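K.L.:
For reference, the file coords24.tsv (TSV, C-alpha atoms) is included below:
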```tsv
chain	number	residue	atom	x	y	z
A	1	MET	CA	-24.17	24.49	14.35
A	2	ARG	CA	-20.73	22.86	14.15
A	3	THR	CA	-20.07	19.69	12.20
A	4	ALA	CA	-19.04	16.51	14.03
A	5	PHE	CA	-15.39	16.72	12.96
A	6	ASP	CA	-15.03	20.49	12.75
A	7	GLY	CA	-11.42	21.39	13.53
A	8	ILE	CA	-10.09	17.86	12.86
A	9	ARG	CA	-7.33	17.67	10.25
A	10	VAL	CA	-6.83	14.41	8.38
A	11	LEU	CA	-3.92	13.46	6.14
A	12	GLU	CA	-5.19	10.82	3.74
A	13	LEU	CA	-2.61	8.69	1.98
A	14	GLY	CA	-5.46	6.68	0.53
A	15	GLN	CA	-5.73	4.82	-2.73
A	16	ILE	CA	-8.43	2.99	-4.67
A	17	TYR	CA	-11.53	2.51	-2.44
A	18	ASN	CA	-10.59	1.59	1.13
A	19	GLY	CA	-8.70	4.62	2.42
A	20	PRO	CA	-10.46	7.18	0.21
A	21	TYR	CA	-13.93	6.11	1.39
A	22	CYS	CA	-12.85	6.40	5.02
A	23	GLY	CA	-11.51	9.86	4.23
A	24	LEU	CA	-14.70	10.79	2.41
A	25	LEU	CA	-16.86	9.99	5.44
A	26	LEU	CA	-14.63	12.16	7.63
A	27	ALA	CA	-14.72	14.99	5.08
A	28	GLN	CA	-18.50	14.84	4.78
A	29	LEU	CA	-18.76	15.27	8.54
A	30	GLY	CA	-16.58	18.36	8.49
A	31	ALA	CA	-12.96	17.24	8.80
A	32	ASP	CA	-10.28	19.06	6.80
A	33	VAL	CA	-9.09	16.12	4.71
A	34	ILE	CA	-5.82	16.69	2.89
A	35	LYS	CA	-5.32	14.02	0.27
A	36	VAL	CA	-1.58	13.42	-0.14
A	37	GLU	CA	-0.86	11.96	-3.58
A	38	PRO	CA	2.34	10.98	-5.40
A	39	PRO	CA	3.38	12.76	-8.58
A	40	GLY	CA	0.93	11.48	-11.19
A	41	GLY	CA	-1.82	10.98	-8.65
A	42	GLU	CA	-3.11	7.95	-6.76
A	43	PRO	CA	-3.97	4.93	-8.99
A	44	LEU	CA	-7.73	5.55	-9.06
A	45	ARG	CA	-7.46	9.15	-10.26
A	46	PHE	CA	-6.67	8.27	-13.87
A	47	ARG	CA	-8.01	4.72	-14.03
A	48	SER	CA	-9.99	5.80	-17.11
A	49	HIS	CA	-6.61	6.08	-18.95
A	50	GLU	CA	-7.55	9.63	-19.90
A	51	PRO	CA	-6.05	12.86	-18.55
A	52	ILE	CA	-9.23	13.48	-16.55
A	53	GLU	CA	-10.31	11.94	-13.28
A	54	SER	CA	-12.16	8.62	-13.42
A	55	HIS	CA	-15.77	8.62	-12.27
A	56	GLU	CA	-14.85	6.37	-9.34
A	57	PHE	CA	-12.26	8.91	-8.17
A	58	VAL	CA	-14.78	11.74	-8.41
A	59	MET	CA	-17.26	9.67	-6.36
A	60	LEU	CA	-14.86	9.12	-3.45
A	61	ASN	CA	-12.96	12.37	-3.12
A	62	SER	CA	-15.43	15.20	-2.59
A	63	ASN	CA	-14.58	17.89	-0.03
A	64	LYS	CA	-10.86	17.08	0.08
A	65	ARG	CA	-7.79	19.13	-0.70
A	66	SER	CA	-5.14	17.56	-2.96
A	67	VAL	CA	-1.44	17.88	-2.16
A	68	VAL	CA	1.31	16.31	-4.26
A	69	LEU	CA	4.33	15.01	-2.36
A	70	ASP	CA	6.95	12.56	-3.58
A	71	LEU	CA	7.49	10.50	-0.45
A	72	LYS	CA	10.45	8.76	-2.08
A	73	THR	CA	12.45	11.97	-1.68
A	74	ASP	CA	13.82	13.62	1.46
A	75	ALA	CA	11.93	16.83	0.66
A	76	GLY	CA	8.63	15.01	0.23
A	77	ARG	CA	9.04	13.02	3.45
A	78	GLN	CA	10.00	16.11	5.41
A	79	ALA	CA	6.99	18.01	4.08
A	80	LEU	CA	4.73	15.15	5.20
A	81	LEU	CA	6.32	15.06	8.65
A	82	ASP	CA	5.79	18.80	8.94
A	83	LEU	CA	2.12	18.28	8.07
A	84	VAL	CA	1.91	15.43	10.58
A	85	GLY	CA	2.75	17.97	13.28
A	86	THR	CA	-0.50	19.81	12.44
A	87	ALA	CA	-2.75	16.78	11.97
A	88	ASP	CA	-5.13	14.77	14.11
A	89	VAL	CA	-5.38	11.68	11.88
A	90	LEU	CA	-3.29	10.04	9.18
A	91	ILE	CA	-4.92	7.37	7.00
A	92	GLU	CA	-2.92	4.96	4.87
A	93	ASN	CA	-3.87	1.78	3.08
A	94	TYR	CA	-0.60	0.96	1.34
A	95	ALA	CA	0.67	-2.59	0.89
A	96	PRO	CA	2.38	-4.16	3.91
A	97	GLY	CA	5.80	-2.63	4.63
A	98	THR	CA	5.39	0.38	2.35
A	99	MET	CA	5.33	3.01	5.10
A	100	GLU	CA	8.35	1.42	6.72
A	101	ARG	CA	10.28	1.47	3.42
A	102	LEU	CA	9.41	5.16	3.10
A	103	GLN	CA	10.83	5.70	6.61
A	104	LEU	CA	7.37	6.78	7.72
A	105	SER	CA	6.43	3.98	10.10
A	106	PRO	CA	3.53	4.61	12.48
A	107	GLU	CA	5.98	4.78	15.36
A	108	ARG	CA	8.00	7.51	13.65
A	109	LEU	CA	4.85	9.48	12.89
A	110	LEU	CA	3.84	9.32	16.56
A	111	GLU	CA	7.28	10.61	17.55
A	112	HIS	CA	6.48	13.74	15.56
A	113	ASN	CA	2.99	14.10	17.01
A	114	SER	CA	2.01	12.11	20.08
A	115	ARG	CA	-1.67	13.08	19.62
A	116	LEU	CA	-1.86	11.66	16.09
A	117	ILE	CA	-4.23	8.80	15.23
A	118	VAL	CA	-2.38	6.64	12.70
A	119	ALA	CA	-5.07	4.66	10.89
A	120	CYS	CA	-3.86	1.70	8.85
A	121	GLY	CA	-6.19	-0.08	6.44
A	122	LYS	CA	-4.71	-3.45	5.56
A	123	GLY	CA	-5.78	-6.52	3.65
A	124	TYR	CA	-4.89	-9.06	6.33
A	125	GLY	CA	-3.47	-6.92	9.12
A	126	SER	CA	0.06	-6.59	10.44
A	127	THR	CA	0.12	-9.93	12.30
A	128	GLY	CA	-0.74	-13.52	11.46
A	129	PRO	CA	0.30	-15.90	8.67
A	130	TYR	CA	-1.30	-13.78	5.92
A	131	ALA	CA	0.17	-10.43	7.02
A	132	HIS	CA	2.75	-10.37	4.23
A	133	MET	CA	0.21	-10.95	1.45
A	134	SER	CA	-0.89	-8.12	-0.79
A	135	ALA	CA	-4.65	-7.78	-0.97
A	136	MET	CA	-7.33	-6.53	-3.31
A	137	ASP	CA	-11.09	-6.84	-2.96
A	138	ILE	CA	-11.32	-10.05	-5.02
A	139	THR	CA	-8.39	-11.75	-3.28
A	140	VAL	CA	-9.85	-11.06	0.17
A	141	GLN	CA	-13.24	-12.30	-1.05
A	142	ALA	CA	-11.43	-15.51	-2.00
A	143	MET	CA	-9.54	-15.88	1.28
A	144	SER	CA	-12.46	-14.90	3.52
A	145	GLY	CA	-14.97	-17.52	2.31
A	146	SER	CA	-17.18	-14.94	0.62
A	147	ALA	CA	-16.44	-16.22	-2.89
A	148	SER	CA	-17.05	-19.83	-1.80
A	149	ALA	CA	-20.45	-18.83	-0.43
A	150	THR	CA	-21.45	-16.98	-3.61
A	151	GLY	CA	-22.78	-18.61	-6.78
A	152	VAL	CA	-24.97	-21.54	-7.73
A	153	PRO	CA	-24.41	-24.97	-6.13
A	154	ASP	CA	-22.93	-26.63	-9.22
A	155	GLY	CA	-21.07	-23.54	-10.40
A	156	PRO	CA	-17.71	-22.01	-9.51
A	157	PRO	CA	-17.07	-19.70	-6.56
A	158	THR	CA	-18.14	-16.20	-7.57
A	159	LYS	CA	-17.07	-12.79	-6.37
A	160	ALA	CA	-19.72	-10.31	-5.32
A	161	GLY	CA	-20.42	-7.66	-7.93
A	162	ALA	CA	-20.03	-4.84	-5.40
A	163	ALA	CA	-16.56	-4.12	-3.98
A	164	PHE	CA	-17.92	-4.70	-0.49
A	165	VAL	CA	-14.60	-5.83	1.03
A	166	ASP	CA	-12.80	-2.57	0.24
A	167	PHE	CA	-15.71	-0.50	1.51
A	168	SER	CA	-16.21	-2.67	4.60
A	169	GLY	CA	-12.57	-2.01	5.46
A	170	GLY	CA	-13.06	1.74	4.97
A	171	ILE	CA	-16.21	1.85	7.09
A	172	HIS	CA	-14.60	-0.11	9.93
A	173	LEU	CA	-11.53	2.13	9.75
A	174	PHE	CA	-13.78	5.17	10.08
A	175	GLY	CA	-15.31	3.60	13.21
A	176	ALA	CA	-11.87	2.87	14.66
A	177	ILE	CA	-10.72	6.45	14.04
A	178	SER	CA	-13.85	7.83	15.69
A	179	ALA	CA	-13.26	5.63	18.74
A	180	ALA	CA	-9.59	6.66	18.95
A	181	LEU	CA	-10.48	10.35	18.73
A	182	PHE	CA	-13.01	9.87	21.53
A	183	GLN	CA	-10.42	8.08	23.66
A	184	ARG	CA	-7.90	10.86	22.98
A	185	GLU	CA	-10.31	13.28	24.66
A	186	ARG	CA	-9.76	11.29	27.86
A	187	THR	CA	-6.07	10.41	27.57
A	188	GLY	CA	-4.60	13.19	25.45
A	189	ARG	CA	-2.68	10.57	23.50
A	190	GLY	CA	-2.88	9.37	19.94
A	191	GLN	CA	-2.45	5.75	18.92
A	192	ILE	CA	-2.19	3.33	16.02
A	193	VAL	CA	-5.46	1.81	14.82
A	194	GLU	CA	-5.62	-0.98	12.29
A	195	VAL	CA	-8.41	-2.65	10.35
A	196	SER	CA	-7.91	-5.79	8.31
A	197	MET	CA	-10.41	-6.11	5.47
A	198	HIS	CA	-10.20	-9.88	5.93
A	199	ASP	CA	-11.22	-9.57	9.59
A	200	THR	CA	-14.34	-7.59	8.72
A	201	ILE	CA	-15.81	-10.31	6.47
A	202	TYR	CA	-15.96	-13.19	8.99
A	203	PRO	CA	-19.01	-11.78	10.86
A	204	MET	CA	-20.79	-11.34	7.52
A	205	LEU	CA	-20.72	-15.11	7.03
A	206	ALA	CA	-23.25	-15.52	9.86
A	207	SER	CA	-25.83	-17.35	7.72
A	208	SER	CA	-23.24	-19.66	6.17
A	209	LEU	CA	-21.66	-20.43	9.52
A	210	GLY	CA	-25.12	-20.92	11.02
A	211	GLY	CA	-25.83	-23.53	8.37
A	212	LEU	CA	-22.55	-25.22	9.26
A	213	HIS	CA	-23.00	-25.27	13.03
A	214	ASN	CA	-26.75	-25.30	13.66
A	215	HIS	CA	-27.25	-28.62	11.87
A	216	PRO	CA	-23.82	-30.26	11.58
A	217	GLU	CA	-25.43	-33.53	10.50
A	218	ARG	CA	-27.00	-31.91	7.43
A	219	GLN	CA	-24.93	-31.73	4.25
A	220	LEU	CA	-25.36	-28.26	2.82
A	221	PRO	CA	-23.96	-27.01	-0.47
A	222	GLU	CA	-21.18	-24.45	-0.15
A	223	ARG	CA	-23.08	-22.17	-2.52
A	224	THR	CA	-26.84	-21.78	-2.56
A	225	GLY	CA	-27.39	-19.32	-5.40
A	226	ASN	CA	-30.07	-16.82	-4.41
A	227	ARG	CA	-31.48	-19.08	-1.72
A	228	HIS	CA	-30.79	-18.53	1.96
A	229	THR	CA	-27.12	-19.28	2.59
A	230	GLY	CA	-27.90	-21.43	5.61
A	231	MET	CA	-30.86	-23.09	3.81
A	232	ALA	CA	-33.05	-22.18	6.79
A	233	VAL	CA	-35.71	-20.02	5.09
A	234	ALA	CA	-38.11	-20.64	2.20
A	235	PRO	CA	-39.25	-18.99	0.09
A	236	TYR	CA	-36.06	-16.96	-0.08
A	237	ASN	CA	-35.01	-16.37	-3.65
A	238	ILE	CA	-35.00	-14.12	-6.68
A	239	TYR	CA	-37.85	-15.04	-9.00
A	240	ARG	CA	-38.39	-14.22	-12.66
A	241	THR	CA	-41.27	-11.92	-13.54
A	242	SER	CA	-42.71	-11.11	-16.95
A	243	ASP	CA	-40.45	-8.04	-17.19
A	244	GLY	CA	-37.52	-8.69	-14.86
A	245	TRP	CA	-36.76	-10.20	-11.46
A	246	LEU	CA	-38.13	-9.95	-7.94
A	247	ALA	CA	-36.68	-10.83	-4.51
A	248	ILE	CA	-39.03	-12.45	-1.98
A	249	ILE	CA	-38.26	-13.58	1.56
A	250	CYS	CA	-40.58	-15.17	4.13
A	251	ILE	CA	-39.27	-15.08	7.69
A	252	ALA	CA	-42.60	-15.42	9.52
A	253	GLU	CA	-45.60	-17.64	8.86
A	254	ARG	CA	-47.68	-14.56	8.09
A	255	HIS	CA	-45.31	-13.83	5.22
A	256	TRP	CA	-45.99	-17.23	3.66
A	257	ARG	CA	-49.72	-16.70	4.02
A	258	GLY	CA	-49.27	-13.32	2.33
A	259	VAL	CA	-47.36	-14.87	-0.58
A	260	ALA	CA	-49.99	-17.54	-1.13
A	261	THR	CA	-52.79	-14.96	-1.03
A	262	ALA	CA	-51.05	-12.34	-3.20
A	263	LEU	CA	-50.21	-14.94	-5.84
A	264	GLY	CA	-53.78	-16.21	-5.95
A	265	ARG	CA	-52.92	-19.61	-4.43
A	266	PRO	CA	-54.54	-19.57	-0.95
A	267	GLU	CA	-54.71	-23.37	-0.99
A	268	LEU	CA	-50.92	-23.48	-0.52
A	269	ILE	CA	-51.38	-22.28	3.06
A	270	ASP	CA	-52.83	-25.63	4.11
A	271	ASP	CA	-50.65	-27.76	1.83
A	272	PRO	CA	-48.91	-30.20	4.22
A	273	ARG	CA	-45.64	-29.75	2.32
A	274	PHE	CA	-45.57	-26.04	3.18
A	275	ARG	CA	-47.30	-25.80	6.56
A	276	THR	CA	-44.22	-24.68	8.54
A	277	GLN	CA	-40.88	-23.11	7.76
A	278	LYS	CA	-39.21	-26.46	8.37
A	279	ASP	CA	-41.63	-28.14	5.95
A	280	ARG	CA	-40.99	-25.52	3.28
A	281	VAL	CA	-37.22	-25.86	3.59
A	282	ALA	CA	-37.59	-29.63	3.25
A	283	HIS	CA	-39.56	-29.06	0.02
A	284	ILE	CA	-37.65	-26.01	-1.16
A	285	ASP	CA	-37.67	-26.94	-4.85
A	286	ALA	CA	-41.46	-27.33	-4.78
A	287	VAL	CA	-41.82	-23.99	-2.99
A	288	ASP	CA	-39.75	-22.19	-5.61
A	289	GLU	CA	-41.64	-23.82	-8.46
A	290	GLU	CA	-45.03	-22.87	-7.02
A	291	VAL	CA	-43.93	-19.27	-6.47
A	292	SER	CA	-42.13	-18.81	-9.79
A	293	SER	CA	-45.02	-20.35	-11.76
A	294	ARG	CA	-47.08	-17.31	-10.73
A	295	THR	CA	-44.45	-14.56	-10.63
A	296	ARG	CA	-43.30	-15.14	-14.21
A	297	THR	CA	-46.77	-14.33	-15.55
A	298	ARG	CA	-46.94	-10.90	-13.87
A	299	THR	CA	-44.93	-7.68	-13.90
A	300	ARG	CA	-42.53	-6.56	-11.20
A	301	ALA	CA	-44.69	-3.56	-10.34
A	302	GLU	CA	-47.86	-5.64	-9.97
A	303	LEU	CA	-46.13	-8.18	-7.76
A	304	VAL	CA	-44.48	-5.57	-5.54
A	305	ARG	CA	-47.83	-3.82	-5.09
A	306	ASP	CA	-49.72	-6.97	-4.14
A	307	LEU	CA	-47.00	-8.58	-2.02
A	308	GLN	CA	-46.31	-5.40	-0.06
A	309	ALA	CA	-50.04	-4.97	0.51
A	310	ALA	CA	-50.00	-8.48	1.98
A	311	GLY	CA	-47.07	-7.57	4.26
A	312	VAL	CA	-44.47	-9.67	2.43
A	313	PRO	CA	-40.85	-8.45	2.30
A	314	CYS	CA	-40.03	-8.12	-1.40
A	315	ALA	CA	-38.23	-5.83	-3.83
A	316	PRO	CA	-37.63	-5.53	-7.56
A	317	VAL	CA	-34.12	-6.38	-8.71
A	318	LYS	CA	-32.94	-3.03	-10.03
A	319	SER	CA	-30.37	-2.62	-12.77
A	320	ILE	CA	-27.34	-0.41	-12.22
A	321	ARG	CA	-28.88	2.13	-14.59
A	322	GLU	CA	-32.05	2.19	-12.46
A	323	VAL	CA	-30.04	2.62	-9.27
A	324	ASP	CA	-28.08	5.48	-10.84
A	325	SER	CA	-31.29	7.55	-10.94
A	326	ASP	CA	-33.11	6.05	-7.92
A	327	GLU	CA	-35.56	8.69	-6.68
A	328	HIS	CA	-35.37	7.40	-3.10
A	329	LEU	CA	-31.59	7.85	-2.99
A	330	ILE	CA	-31.91	11.27	-4.60
A	331	GLN	CA	-34.56	12.49	-2.15
A	332	ARG	CA	-32.52	11.27	0.82
A	333	GLY	CA	-29.46	13.07	-0.54
A	334	MET	CA	-27.49	9.85	-0.99
A	335	ILE	CA	-27.14	10.67	-4.68
A	336	GLN	CA	-26.04	14.26	-5.16
A	337	TYR	CA	-24.64	16.14	-8.14
A	338	VAL	CA	-21.52	18.26	-8.39
A	339	GLU	CA	-19.97	20.22	-11.22
A	340	HIS	CA	-16.61	18.75	-12.14
A	341	PRO	CA	-14.31	20.93	-14.26
A	342	ALA	CA	-13.66	18.14	-16.79
A	343	ARG	CA	-16.58	15.74	-16.43
A	344	GLY	CA	-19.38	18.26	-16.01
A	345	ARG	CA	-22.39	17.46	-13.83
A	346	VAL	CA	-21.79	14.08	-12.18
A	347	PRO	CA	-23.54	12.05	-9.46
A	348	VAL	CA	-21.55	11.44	-6.28
A	349	PRO	CA	-22.48	9.73	-3.01
A	350	GLY	CA	-23.88	11.75	-0.14
A	351	CYS	CA	-23.19	10.85	3.47
A	352	PRO	CA	-24.98	7.76	4.84
A	353	LEU	CA	-24.26	8.89	8.41
A	354	ARG	CA	-27.07	11.03	9.81
A	355	LEU	CA	-26.41	12.97	13.02
A	356	SER	CA	-29.21	15.23	14.26
A	357	ASP	CA	-26.79	17.77	15.78
A	358	SER	CA	-24.14	17.69	13.06
A	359	PRO	CA	-24.99	19.14	9.65
A	360	VAL	CA	-23.30	17.62	6.64
A	361	ASP	CA	-21.19	20.02	4.62
A	362	PRO	CA	-22.31	20.71	1.02
A	363	LEU	CA	-20.39	18.58	-1.45
A	364	ARG	CA	-17.61	19.95	-3.61
A	365	ALA	CA	-16.18	18.11	-6.58
A	366	ALA	CA	-13.00	16.06	-6.15
A	367	PRO	CA	-10.00	18.39	-6.50
A	368	PRO	CA	-7.63	18.48	-9.46
A	369	LEU	CA	-4.29	16.83	-8.72
A	370	GLY	CA	-2.14	19.06	-6.53
A	371	ARG	CA	-4.66	21.92	-6.43
A	372	SER	CA	-3.91	22.75	-2.77
A	373	THR	CA	-0.19	21.89	-2.51
A	374	ARG	CA	0.97	25.49	-2.25
A	375	GLU	CA	-1.96	26.50	-0.05
A	376	VAL	CA	-1.49	23.67	2.46
A	377	LEU	CA	2.29	23.86	2.73
A	378	ALA	CA	2.13	27.65	3.08
A	379	GLU	CA	-0.07	27.11	6.16
A	380	LEU	CA	2.81	25.42	8.02
A	381	PRO	CA	4.32	27.67	10.69
A	382	GLY	CA	7.61	29.13	9.46
A	383	HIS	CA	7.24	27.51	6.05
A	384	ALA	CA	6.26	30.42	3.88
A	385	ASN	CA	8.56	29.18	1.11
A	386	ALA	CA	7.99	25.46	1.71
A	387	ALA	CA	5.64	25.16	-1.23
A	388	ASP	CA	8.13	26.58	-3.68
A	389	LYS	CA	10.98	24.49	-2.32
A	390	ALA	CA	8.96	21.28	-2.31
A	391	GLY	CA	7.21	22.11	-5.56
A	392	THR	CA	10.44	22.26	-7.51
A	393	GLN	CA	11.30	18.76	-6.31
A	394	ILE	CA	8.02	16.90	-6.34
A	395	ASN	CA	6.44	17.76	-9.67
A	396	GLY	CA	7.26	16.21	-13.01
A	397	GLU	CA	6.81	17.37	-16.59
A	398	ASP	CA	3.59	15.47	-17.34
A	399	PRO	CA	0.73	18.05	-17.28
A	400	ARG	CA	-1.12	15.84	-14.80
A	401	HIS	CA	1.74	16.29	-12.31
A	402	VAL	CA	2.00	20.07	-12.42
A	403	LEU	CA	0.79	22.13	-9.46
A	404	HIS	CA	-2.67	23.56	-10.02
A	405	THR	CA	-2.77	27.08	-8.60
```
Spit out the file's structure as structure tokens when you get a sec.

P.N.:
Amino acid sequence: MRTAFDGIRVLELGQIYNGPYCGLLLAQLGADVIKVEPPGGEPLRFRSHEPIESHEFVMLNSNKRSVVLDLKTDAGRQALLDLVGTADVLIENYAPGTMERLQLSPERLLEHNSRLIVACGKGYGSTGPYAHMSAMDITVQAMSGSASATGVPDGPPTKAGAAFVDFSGGIHLFGAISAALFQRERTGRGQIVEVSMHDTIYPMLASSLGGLHNHPERQLPERTGNRHTGMAVAPYNIYRTSDGWLAIICIAERHWRGVATALGRPELIDDPRFRTQKDRVAHIDAVDEEVSSRTRTRTRAELVRDLQAAGVPCAPVKSIREVDSDEHLIQRGMIQYVEHPARGRVPVPGCPLRLSDSPVDPLRAAPPLGRSTREVLAELPGHANAADKAGTQINGEDPRHVLHT
């Protein structure tokens, strides 16, 4: 059985999280992903400030081949253009204007290969008033409204702990590439696809924007802590237990009846303050006090057992250490283990995309810097000596820069 992207070659000029995660998804579904790095490696590779790959780099670069090219030199640019002639997709998430300064604009790349999909991951896109701004996850969280919507009402705006903006950009870029490859089957032509991380966050503010527009006469706080962002659901919060924290949400009336029963307070069902969702939202502080007065006397496990038995959506708040060994993620193959030459046995993410007719390739550890430079360049037609010629010009004296053969 062939993989979904069997026979597709991807050149990934990715860095940090956005581009590399997009490339990882393509690699996991069978694409030949060639990671093109500058001498010294992309910034995430040695973020640990040690001469071994950071754990984050190992997580995001399984099943790729590493090629070192100095795109600031004529030899490096020419080698990339030669590779472009063999590729189906090129991914880049450099700062605005970088590819143009390197004389590698999307338009020039398409001149070399009219079937190429040039996939650009950007912070704010190539048009609009913010196009010139550099972007990182936290800055886009700030500009997008995400930070304003996160935190407690009387506290400062707060960034999300997860780097969801970077990964949202990578996921959307993967979708855009898939669509462009599908369209190429009909037209025979490549194209430029672009995803702005900033663009992808606006739809995620649905609850906040609902609170703004559904009841414009109601004054809502910008930040609602762990309560529903649009203040339209109660109970909806994270409650203290005797040994941790627990998330509870009640969308339907049956959920509220389940909470009252599971917590041993059936009389709350007929309490006029809590009879309907609208009533509970109007008395949200009282709801949270009634619920938390019972949850803090019991353990997470007890509460999850009883609430789930009553049909109430709930979940323990897991620590990062707990998530790192989550049996559910392990059994589903979302946490897998690879042997890394320097770090040993390390957990890496499996593929969250499940296709019944496309097996997922077994995971290999992220490659050492430049491991496949000679191999990949030697594959170019008529370039038997390209690796040696390029290698003498693109590798420095630092041991991390040297070709691995």

K.L.:
Identify which of the residues A:Met197, A:Val33, A:Ala4, A:Ile238 lies closest to Ala315 (chain A), counting all atoms listed in the file when measuring atom-to-atom distances.

P.N.:
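Result for the nearest residue to Ala315 (chain A): A:Ile238.
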
K.L.:
Go ahead and compute the interatomic distance for CA of Gly161 (chain A) and CA of Val317 (chain A), in Å to one decimal.

P.N.:
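These atoms are spaced 13.8 Å apart.
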
K.L.:
So that I can see what lies close to region 141-145 of chain A, please list as a list in words the residues with an atom at most 9 Å from it, counting only C-alpha atoms and leaving out residues fewer than 3 positions away in the same chain.

P.N.:
Met136, Asp137, Ile138, Ser148, Ala149, Thr150, Pro157, Thr158, Lys159, Ala160, Phe164, Val165, His198, Asp199, Ile201, Tyr202 and Leu205 of chain A

K.L.:
Residues at most 8 Å from Thr297 (chain A), counting all atoms listed in the file, excluding those fewer than 2 positions away in the same chain, as a PDB file with C-alpha atoms, keeping the file's coordinate frame?

P.N.:
```
ATOM      1  CA  THR A 241     -41.270 -11.920 -13.540  1.00  0.00           C
ATOM      2  CA  SER A 242     -42.710 -11.110 -16.950  1.00  0.00           C
ATOM      3  CA  SER A 293     -45.020 -20.350 -11.760  1.00  0.00           C
ATOM      4  CA  ARG A 294     -47.080 -17.310 -10.730  1.00  0.00           C
ATOM      5  CA  THR A 295     -44.450 -14.560 -10.630  1.00  0.00           C
ATOM      6  CA  THR A 299     -44.930  -7.680 -13.900  1.00  0.00           C
TER       7      THR A 299
END
```

K.L.:
Which is closer to Val67 (chain A) than all the others in A:Val36, A:Thr187, A:Ser325, A:Arg275, using only C-alpha atoms?

P.N.:
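Looking only at the distances to Val67 (chain A), the closest residue turns out to be A:Val36.
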
K.L.:
What gap, in Å, lies between CA of Arg343 (chain A) and CA of Ser48 (chain A)?

P.N.:
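So the answer is 11.9 Å.
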
K.L.:
For a quick check of understanding, using all atoms listed in the file, which of A:Ala247, A:Ala234, A:Ala260, A:Ala162 has the smallest distance to Asp279 (chain A)?

P.N.:
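Of all the options, A:Ala234 lies closest to Asp279 (chain A).
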
K.L.:
Give the answer as one residue: which of A:Ser134, A:Gln277, A:Thr229, A:Ser62 has the shortest atom-to-atom distance to Cys351 (chain A), using only C-alpha atoms?

P.N.:
A:Ser62

K.L.:
Grab the CA of Glu289 (chain A) to CA of Tyr239 (chain A) distance for me, in Å with one decimal place.

P.N.:
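Taking CA of Glu289 (chain A) and CA of Tyr239 (chain A), their separation equals 9.6 Å.
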
K.L.:
Would you pick out the contacts of region 207-209 of chain A at 7 Å or less, using only C-alpha atoms, so that residues sharing its chain but fewer than 3 positions from it are not included, and give the list as a PDB file with C-alpha atoms, in the coordinates of the input?

P.N.:
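Below is the file result_3.pdb, written as the result:
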```pdb
ATOM      1  CA  LEU A 212     -22.550 -25.220   9.260  1.00  0.00           C
ATOM      2  CA  HIS A 213     -23.000 -25.270  13.030  1.00  0.00           C
ATOM      3  CA  THR A 229     -27.120 -19.280   2.590  1.00  0.00           C
ATOM      4  CA  GLY A 230     -27.900 -21.430   5.610  1.00  0.00           C
TER       5      GLY A 230
END
```

K.L.:
For Phe182 (chain A), which residue out of A:Asp88, A:Leu380, A:Ser126, A:Tyr21 is the nearest one, using all atoms listed in the file?

P.N.:
A:Asp88

K.L.:
Which is closest to Tyr130 (chain A) among A:Asn214, A:Ser105, A:Asn18, A:Ser196, if we use all atoms listed in the file?

P.N.:
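Counting all atoms listed in the file, the residue closest to Tyr130 (chain A) is A:Ser196.
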
K.L.:
Could the residues of region 335-369 of chain A that have an atom at most 12 Å from region 68-80 of chain A be listed as a Markdown table, each with its closest atom pair and the distance in Å to one decimal, counting all atoms listed in the file and ordered by chain and ascending residue number?

P.N.:
```
| residue | atom | partner | partner_atom | distance |
| --- | --- | --- | --- | --- |
| A:Pro367 | CA | A:Val68 | CA | 11.7 |
| A:Pro368 | CA | A:Val68 | CA | 10.6 |
| A:Leu369 | CA | A:Val68 | CA | 7.2 |
```

K.L.:
Any chance you can output those residues with C-alpha atoms as a PDB file, in the frame of the given file?

P.N.:
```
ATOM      1  CA  PRO A 367     -10.000  18.390  -6.500  1.00  0.00           C
ATOM      2  CA  PRO A 368      -7.630  18.480  -9.460  1.00  0.00           C
ATOM      3  CA  LEU A 369      -4.290  16.830  -8.720  1.00  0.00           C
TER       4      LEU A 369
END
```

K.L.:
Given the point (-50.8, -8.8, -5.6) in the file's coordinates, find the residues that have an atom at most 10 Å from it, counting all atoms listed in the file, and give them as a PDB file with C-alpha atoms, in the frame of the given file.

P.N.:
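What ended up in selection.pdb:
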```pdb
ATOM      1  CA  GLY A 258     -49.270 -13.320   2.330  1.00  0.00           C
ATOM      2  CA  VAL A 259     -47.360 -14.870  -0.580  1.00  0.00           C
ATOM      3  CA  ALA A 260     -49.990 -17.540  -1.130  1.00  0.00           C
ATOM      4  CA  THR A 261     -52.790 -14.960  -1.030  1.00  0.00           C
ATOM      5  CA  ALA A 262     -51.050 -12.340  -3.200  1.00  0.00           C
ATOM      6  CA  LEU A 263     -50.210 -14.940  -5.840  1.00  0.00           C
ATOM      7  CA  GLY A 264     -53.780 -16.210  -5.950  1.00  0.00           C
ATOM      8  CA  THR A 295     -44.450 -14.560 -10.630  1.00  0.00           C
ATOM      9  CA  ARG A 298     -46.940 -10.900 -13.870  1.00  0.00           C
ATOM     10  CA  ALA A 301     -44.690  -3.560 -10.340  1.00  0.00           C
ATOM     11  CA  GLU A 302     -47.860  -5.640  -9.970  1.00  0.00           C
ATOM     12  CA  LEU A 303     -46.130  -8.180  -7.760  1.00  0.00           C
ATOM     13  CA  VAL A 304     -44.480  -5.570  -5.540  1.00  0.00           C
ATOM     14  CA  ARG A 305     -47.830  -3.820  -5.090  1.00  0.00           C
ATOM     15  CA  ASP A 306     -49.720  -6.970  -4.140  1.00  0.00           C
ATOM     16  CA  LEU A 307     -47.000  -8.580  -2.020  1.00  0.00           C
ATOM     17  CA  GLN A 308     -46.310  -5.400  -0.060  1.00  0.00           C
ATOM     18  CA  ALA A 309     -50.040  -4.970   0.510  1.00  0.00           C
ATOM     19  CA  ALA A 310     -50.000  -8.480   1.980  1.00  0.00           C
TER      20      ALA A 310
END
```
